[in-house]
file model_26.cif (mmCIF, C-alpha atoms)
data_protein
#
loop_
_atom_site.label_atom_id
_atom_site.label_comp_id
_atom_site.auth_asym_id
_atom_site.auth_seq_id
_atom_site.Cartn_x
_atom_site.Cartn_y
_atom_site.Cartn_z
CA MET A 1 37.43 -123.87 -98.37
CA LEU A 2 38.20 -121.45 -95.52
CA GLU A 3 36.09 -123.46 -93.08
CA GLY A 4 37.88 -126.66 -94.10
CA ALA A 5 41.28 -125.05 -93.57
CA PHE A 6 40.30 -124.03 -90.05
CA GLN A 7 39.02 -127.55 -89.35
CA VAL A 8 42.39 -128.98 -90.34
CA MET A 9 44.31 -126.43 -88.25
CA ALA A 10 42.02 -127.06 -85.27
CA VAL A 11 42.89 -130.77 -85.44
CA LEU A 12 46.60 -129.95 -85.63
CA ASP A 13 46.24 -127.59 -82.69
CA GLN A 14 44.73 -130.39 -80.59
CA ALA A 15 47.00 -133.19 -81.82
CA GLY A 16 50.28 -131.30 -82.00
CA GLN A 17 51.14 -133.18 -85.17
CA ALA A 18 49.42 -135.74 -87.38
CA GLY A 19 49.62 -137.52 -90.71
CA LEU A 20 47.34 -137.04 -93.69
CA THR A 21 45.13 -140.08 -92.98
CA SER A 22 44.65 -139.10 -89.33
CA LEU A 23 43.87 -135.49 -90.25
CA ALA A 24 41.24 -136.58 -92.74
CA ALA A 25 39.61 -138.95 -90.24
CA ARG A 26 39.59 -136.46 -87.37
CA SER A 27 38.44 -133.48 -89.43
CA GLY A 28 35.72 -135.42 -91.25
CA LEU A 29 36.95 -134.15 -94.62
CA PRO A 30 37.87 -136.22 -97.70
CA LYS A 31 41.52 -137.18 -97.82
CA SER A 32 41.99 -135.44 -101.18
CA THR A 33 40.53 -132.21 -99.77
CA VAL A 34 42.80 -132.32 -96.72
CA TYR A 35 45.83 -132.95 -98.95
CA ARG A 36 44.99 -129.92 -101.09
CA LEU A 37 44.37 -127.71 -98.05
CA LEU A 38 47.62 -128.78 -96.43
CA GLY A 39 49.53 -127.84 -99.55
CA GLN A 40 47.98 -124.38 -99.60
CA LEU A 41 48.50 -123.86 -95.87
CA ALA A 42 52.14 -124.97 -96.17
CA GLU A 43 52.76 -122.41 -98.92
CA LEU A 44 51.43 -119.71 -96.57
CA GLY A 45 53.55 -120.89 -93.64
CA ALA A 46 50.46 -121.76 -91.59
CA VAL A 47 51.41 -125.47 -91.64
CA GLU A 48 54.79 -127.17 -91.94
CA ARG A 49 55.58 -130.70 -93.03
CA GLN A 50 58.32 -133.06 -91.85
CA ALA A 51 58.39 -136.37 -93.70
CA ASP A 52 54.75 -137.53 -93.59
CA VAL A 53 53.78 -135.53 -90.49
CA TYR A 54 52.19 -132.08 -90.38
CA ARG A 55 52.15 -129.47 -87.61
CA LEU A 56 51.18 -125.83 -87.27
CA GLY A 57 53.71 -123.51 -88.86
CA PRO A 58 55.61 -120.44 -87.62
CA ARG A 59 53.19 -118.02 -89.23
CA MET A 60 50.42 -119.20 -86.90
CA PHE A 61 52.73 -118.55 -83.95
CA ARG A 62 53.44 -115.01 -85.11
CA LEU A 63 49.76 -114.30 -85.72
CA GLY A 64 48.83 -115.71 -82.31
CA GLN A 65 51.38 -113.48 -80.59
CA GLY A 66 49.66 -110.48 -82.13
CA TRP A 67 46.25 -111.25 -80.60
CA GLN A 68 45.24 -108.50 -78.20
CA PRO A 69 42.11 -109.37 -76.17
CA TYR A 70 42.45 -105.96 -74.51
CA PRO A 71 44.64 -103.08 -75.77
CA GLY A 72 48.05 -103.15 -74.13
CA LEU A 73 47.40 -106.17 -71.87
CA ARG A 74 50.41 -108.19 -73.03
CA THR A 75 52.74 -105.18 -72.77
CA ALA A 76 51.43 -104.06 -69.38
CA ALA A 77 51.81 -107.56 -67.91
CA ARG A 78 55.28 -108.39 -69.25
CA GLU A 79 57.52 -106.71 -66.65
CA PRO A 80 55.34 -107.38 -63.55
CA VAL A 81 55.10 -111.06 -64.58
CA ARG A 82 58.88 -111.28 -64.98
CA ARG A 83 59.40 -109.71 -61.55
CA LEU A 84 56.79 -111.95 -59.95
CA VAL A 85 58.51 -115.09 -61.27
CA ALA A 86 61.88 -113.79 -60.01
CA ALA A 87 60.42 -112.93 -56.58
CA THR A 88 58.57 -116.19 -55.97
CA GLY A 89 59.97 -118.88 -58.26
CA ALA A 90 56.36 -119.73 -59.12
CA THR A 91 54.99 -120.27 -62.59
CA VAL A 92 52.92 -117.23 -63.57
CA GLY A 93 50.28 -116.87 -66.27
CA VAL A 94 47.90 -114.29 -67.67
CA SER A 95 44.45 -115.58 -68.63
CA VAL A 96 41.36 -114.07 -70.25
CA LEU A 97 37.73 -115.09 -70.61
CA ARG A 98 36.50 -115.80 -74.11
CA GLU A 99 33.20 -117.45 -75.09
CA GLY A 100 32.61 -118.28 -71.44
CA ARG A 101 35.92 -120.11 -71.01
CA THR A 102 39.31 -119.30 -69.51
CA LEU A 103 42.16 -119.13 -72.01
CA VAL A 104 45.88 -118.75 -71.20
CA LEU A 105 47.20 -115.67 -73.00
CA ASP A 106 50.83 -115.71 -71.78
CA TRP A 107 52.83 -117.52 -69.14
CA ALA A 108 56.36 -117.70 -67.69
CA ALA A 109 57.88 -120.80 -66.11
CA GLY A 110 59.16 -120.72 -62.55
CA GLN A 111 61.57 -123.02 -60.74
CA ASP A 112 59.39 -126.06 -61.41
CA THR A 113 59.65 -126.14 -65.19
CA ALA A 114 57.25 -129.10 -65.38
CA LEU A 115 54.47 -126.98 -63.88
CA THR A 116 52.65 -125.24 -66.74
CA PRO A 117 49.18 -123.71 -67.08
CA LEU A 118 46.54 -125.65 -68.99
CA LEU A 119 47.60 -124.32 -72.38
CA ASP A 120 45.61 -126.86 -74.37
CA VAL A 121 42.43 -126.84 -72.30
CA ALA A 122 39.80 -124.11 -72.30
CA SER A 123 37.96 -124.59 -69.02
CA TRP A 124 34.60 -123.26 -67.88
CA PRO A 125 35.25 -120.47 -65.39
CA TRP A 126 33.61 -122.16 -62.41
CA PHE A 127 36.59 -124.52 -62.13
CA THR A 128 39.73 -122.38 -62.56
CA ALA A 129 40.96 -119.66 -60.24
CA ALA A 130 41.55 -117.40 -63.26
CA GLY A 131 38.02 -117.93 -64.52
CA LYS A 132 36.41 -117.52 -61.12
CA VAL A 133 38.13 -114.23 -60.31
CA GLN A 134 36.94 -112.74 -63.62
CA ALA A 135 33.44 -114.23 -63.54
CA ALA A 136 32.91 -112.98 -59.98
CA GLY A 137 33.00 -109.38 -61.16
CA ARG A 138 30.41 -109.88 -63.91
CA PRO A 139 26.61 -109.93 -63.67
CA ASP A 140 25.06 -113.13 -62.38
CA PRO A 141 24.81 -115.30 -65.52
CA GLY A 142 21.88 -117.28 -64.18
CA PRO A 143 21.31 -121.04 -64.34
CA GLY A 144 22.88 -122.83 -67.27
CA ARG A 145 24.84 -119.81 -68.48
CA GLY A 146 28.49 -118.95 -68.25
CA PRO A 147 29.83 -115.40 -68.42
CA GLY A 148 29.09 -114.59 -72.03
CA GLY A 149 27.46 -117.98 -72.51
CA GLY A 150 29.07 -120.92 -74.24
CA PRO A 151 30.80 -120.93 -77.61
CA GLY A 152 28.79 -118.88 -80.08
CA GLY A 153 26.69 -117.50 -77.22
CA GLY A 154 25.12 -120.87 -76.41
CA PRO A 155 24.53 -122.22 -72.92
CA SER A 156 27.44 -123.28 -70.77
CA PRO A 157 27.43 -125.89 -67.99
CA ASP A 158 25.46 -124.80 -64.94
CA ALA A 159 27.30 -122.77 -62.36
CA PRO A 160 27.51 -124.62 -59.03
CA ALA A 161 24.70 -123.83 -56.60
CA CYS A 162 27.25 -122.24 -54.27
CA TRP A 163 28.55 -119.87 -56.98
CA PRO A 164 26.75 -116.65 -55.85
CA ARG A 165 28.18 -117.07 -52.35
CA GLU A 166 31.65 -117.95 -53.65
CA ALA A 167 31.59 -115.01 -56.09
CA ALA A 168 30.77 -112.61 -53.27
CA ALA A 169 33.69 -113.95 -51.21
CA ILE A 170 36.04 -113.58 -54.19
CA ARG A 171 34.97 -109.98 -54.73
CA GLU A 172 35.53 -109.20 -51.06
CA ARG A 173 39.04 -110.66 -50.83
CA GLY A 174 40.10 -109.85 -54.40
CA VAL A 175 41.54 -113.29 -55.11
CA ALA A 176 40.31 -116.74 -56.17
CA PHE A 177 41.91 -120.09 -55.39
CA ASP A 178 42.09 -123.49 -57.04
CA ARG A 179 43.40 -126.10 -54.63
CA GLY A 180 43.94 -129.01 -57.00
CA GLU A 181 40.38 -128.87 -58.35
CA VAL A 182 41.43 -128.81 -62.02
CA VAL A 183 44.68 -130.79 -61.94
CA GLU A 184 45.48 -132.94 -58.92
CA GLY A 185 48.42 -131.55 -56.98
CA VAL A 186 48.48 -128.21 -58.80
CA CYS A 187 47.25 -125.18 -56.85
CA CYS A 188 46.61 -121.70 -58.19
CA ALA A 189 45.84 -118.22 -56.89
CA ALA A 190 44.46 -115.62 -59.30
CA VAL A 191 43.83 -111.88 -59.02
CA PRO A 192 41.86 -109.72 -61.47
CA LEU A 193 43.44 -107.31 -63.95
CA LEU A 194 41.25 -104.25 -64.38
CA GLY A 195 40.91 -102.16 -67.51
CA ALA A 196 40.28 -98.45 -67.84
CA GLY A 197 36.58 -98.93 -67.10
CA GLY A 198 37.21 -100.86 -63.89
CA ALA A 199 36.03 -104.24 -65.25
CA ALA A 200 38.22 -107.34 -65.16
CA VAL A 201 39.89 -107.80 -68.55
CA GLY A 202 42.10 -110.68 -67.47
CA ALA A 203 43.57 -112.53 -64.51
CA LEU A 204 47.08 -112.94 -63.15
CA CYS A 205 47.70 -116.49 -61.92
CA VAL A 206 50.46 -118.04 -59.82
CA LEU A 207 50.83 -121.82 -59.73
CA THR A 208 52.41 -124.03 -57.08
CA THR A 209 52.40 -127.65 -55.96
CA VAL A 210 52.46 -126.61 -52.29
CA SER A 211 49.04 -125.51 -51.08
CA GLU A 212 50.54 -123.79 -48.01
CA ARG A 213 52.21 -121.26 -50.34
CA LEU A 214 48.94 -120.07 -51.85
CA GLU A 215 48.13 -117.36 -49.31
CA PRO A 216 51.57 -115.65 -49.35
CA LEU A 217 51.71 -116.05 -53.13
CA ALA A 218 48.30 -114.40 -53.40
CA ASP A 219 49.51 -111.41 -51.37
CA ILE A 220 52.43 -110.84 -53.75
CA ALA A 221 50.26 -111.52 -56.81
CA ARG A 222 47.92 -108.74 -55.67
CA ARG A 223 50.85 -106.30 -55.87
CA ALA A 224 51.75 -107.49 -59.35
CA GLY A 225 48.10 -107.28 -60.38
CA GLU A 226 47.90 -103.72 -59.09
CA ALA A 227 51.01 -102.85 -61.14
CA ILE A 228 49.45 -104.26 -64.31
CA THR A 229 46.13 -102.54 -63.60
CA ALA A 230 47.92 -99.22 -63.06
CA ARG A 231 49.61 -99.58 -66.43
CA LEU A 232 46.38 -100.50 -68.19
CA ARG A 233 44.51 -97.53 -66.72
CA GLN A 234 47.26 -95.14 -67.83
CA ARG A 235 47.24 -96.52 -71.35
CA ARG A 236 45.03 -95.48 -74.23
CA PRO A 237 44.85 -97.67 -77.35
CA GLY A 238 47.89 -96.88 -79.45
CA ALA A 239 49.53 -94.69 -76.77
CA ALA A 240 52.83 -95.45 -75.06
CA LEU A 241 52.94 -95.83 -71.29
CA SER A 242 54.42 -92.77 -69.63
CA GLY A 243 57.48 -92.94 -67.41
CA SER A 244 55.50 -91.47 -64.51
CA ALA A 245 52.97 -94.30 -64.78
CA LEU A 246 55.79 -96.83 -64.61
CA ARG A 247 57.20 -95.18 -61.51
CA ARG A 248 53.80 -95.22 -59.81
CA SER A 249 53.35 -98.97 -60.39
CA PRO A 250 53.35 -100.84 -57.06
CA ALA A 251 56.67 -102.47 -56.24
CA LEU A 252 57.23 -106.17 -55.65
CA PRO A 253 59.39 -107.79 -52.96
CA ARG A 254 62.65 -109.33 -54.11
CA ARG A 255 61.87 -112.68 -52.47
CA LEU A 256 58.78 -114.44 -51.17
CA ASP A 257 59.89 -113.92 -47.56
CA ASP A 258 60.64 -110.17 -47.97
CA PRO A 259 58.19 -107.78 -46.29
CA MET A 260 55.58 -106.35 -48.60
CA PRO A 261 56.28 -102.75 -49.67
CA ARG A 262 54.00 -100.10 -48.18
#
call {"tool": "encode", "arguments": {"input": "model_26.cif", "output": "structure tokens"}}
result
Amino acid sequence: MLEGAFQVMAVLDQAGQAGLTSLAARSGLPKSTVYRLLGQLAELGAVERQADVYRLGPRMFRLGQGWQPYPGLRTAAREPVRRLVAATGATVGVSVLREGRTLVLDWAAGQDTALTPLLDVASWPWFTAAGKVQAAGRPDPGPGRGPGGGPGGGPSPDAPACWPREAAAIRERGVAFDRGEVVEGVCCAAVPLLGAGGAAVGALCVLTTVSERLEPLADIARRAGEAITARLRQRRPGAALSGSALRRSPALPRRLDDPMPR
């Protein structure tokens, strides 16, 4: 029963909304089973119904907001992300690697409100700036393996032959770029977010439609990434961030054309 419920919710997550017949067809479950599961999920607030259409409910949103891939990551990133959006006007996101894929954890819209991260696509890390900047700091996965393997630990698509060289360049400069490789016309710069042990636990990404802005955006993103990293390294699970740690966080410029603070 539990597996069937997750199958139904996975279909709703992909479709946004769907009717009973479509849910049964796409989940591969009998229509009567899907109907019963939907009723139970609706009672729990995991699914909501409007007329003959179902969608994920508010309880799933609240549960999702509580997911912490690394202790304190959401909290540490919140203020630097807000300041980065204000300073640059760019759309900014925080991504993590899970099961060998890049997943968007949080994001904030910039001046171009139509420009959003790939919220509904989990991409292999060789193709996104966020994935590349995290994968570059991990051991060489070898042919046919992604960082952590594919879903369930299985094989992921082969890394490009140039990956070892590209990973070394990313480690040296501390930033990875995507110049329209995932979505045509959308460019991204990503910097790593480091946990207490020094390993990348996430990536800070800035998106733009103007490729010429990537380099200056990357410079400012590094500052924001350093601020988040400083907060993560000062934080122990369950402990509040001290005021002194906040004061030591690297500052951001007020605008994209302001000089970088020293």
call {"tool": "residues_around", "arguments": {"input": "model_26.cif", "residues": "stretch 21-27 of chain A", "least_positions_apart": "2", "cutoff": "12 Å", "atoms": "all atoms listed in the file", "output": "JSON, numbers by chain"}}
result
{"A": [3, 4, 5, 6, 7, 8, 9, 10, 11, 12, 13, 14, 15, 16, 17, 18, 19, 29, 30, 31, 32, 33, 34, 35, 36, 37, 38, 52, 53, 54, 55]}
call {"tool": "resolve_selection", "arguments": {"input": "model_26.cif", "expression": "the PyMOL selection byres ((chain A and resi 133) around 12)", "output": "JSON, numbers by chain"}}
result
{"A": [95, 96, 97, 102, 125, 126, 127, 128, 129, 130, 131, 132, 134, 135, 136, 137, 138, 147, 163, 166, 167, 168, 169, 170, 171, 172, 173, 174, 175, 176, 177, 178, 188, 189, 190, 191, 192, 193, 194, 199, 200, 201, 202, 203, 204, 205]}
call {"tool": "atom_distance", "arguments": {"input": "model_26.cif", "atom1": "atom CA of A:Gly197", "atom2": "atom CA of A:Val104"}}
result
22.3 Å
call {"tool": "closest_residue", "arguments": {"input": "model_26.cif", "among": "A:Ala108, A:Met60, A:Ala159, A:Ala51", "to": "A:Ala86", "atoms": "all atoms listed in the file"}}
result
A:Ala108
call {"tool": "closest_residue", "arguments": {"input": "model_26.cif", "among": "A:Leu84, A:Ala221, A:Ala161, A:Val47", "to": "A:Gly110", "atoms": "all atoms listed in the file"}}
result
A:Leu84
call {"tool": "closest_residue", "arguments": {"input": "model_26.cif", "among": "A:Arg223, A:Pro58, A:Arg233, A:Glu184", "to": "A:Tyr70", "atoms": "all atoms listed in the file"}}
result
A:Arg233
call {"tool": "axis_aligned_box", "arguments": {"input": "model_26.cif", "around": "stretch 180-186 of chain A", "padding_each_side": "3 Å", "output": "JSON"}}
result
{"center_x": 44.4, "center_y": -130.6, "center_z": -59.5, "size_x": 14.1, "size_y": 10.7, "size_z": 11.0}
call {"tool": "atom_distance", "arguments": {"input": "model_26.cif", "atom1": "atom CA of A:Val210", "atom2": "atom CA of A:Asp106"}}
result
22.4 Å
call {"tool": "atom_distance", "arguments": {"input": "model_26.cif", "atom1": "atom CA of A:Gly185", "atom2": "atom CA of A:Val81"}}
result
22.9 Å
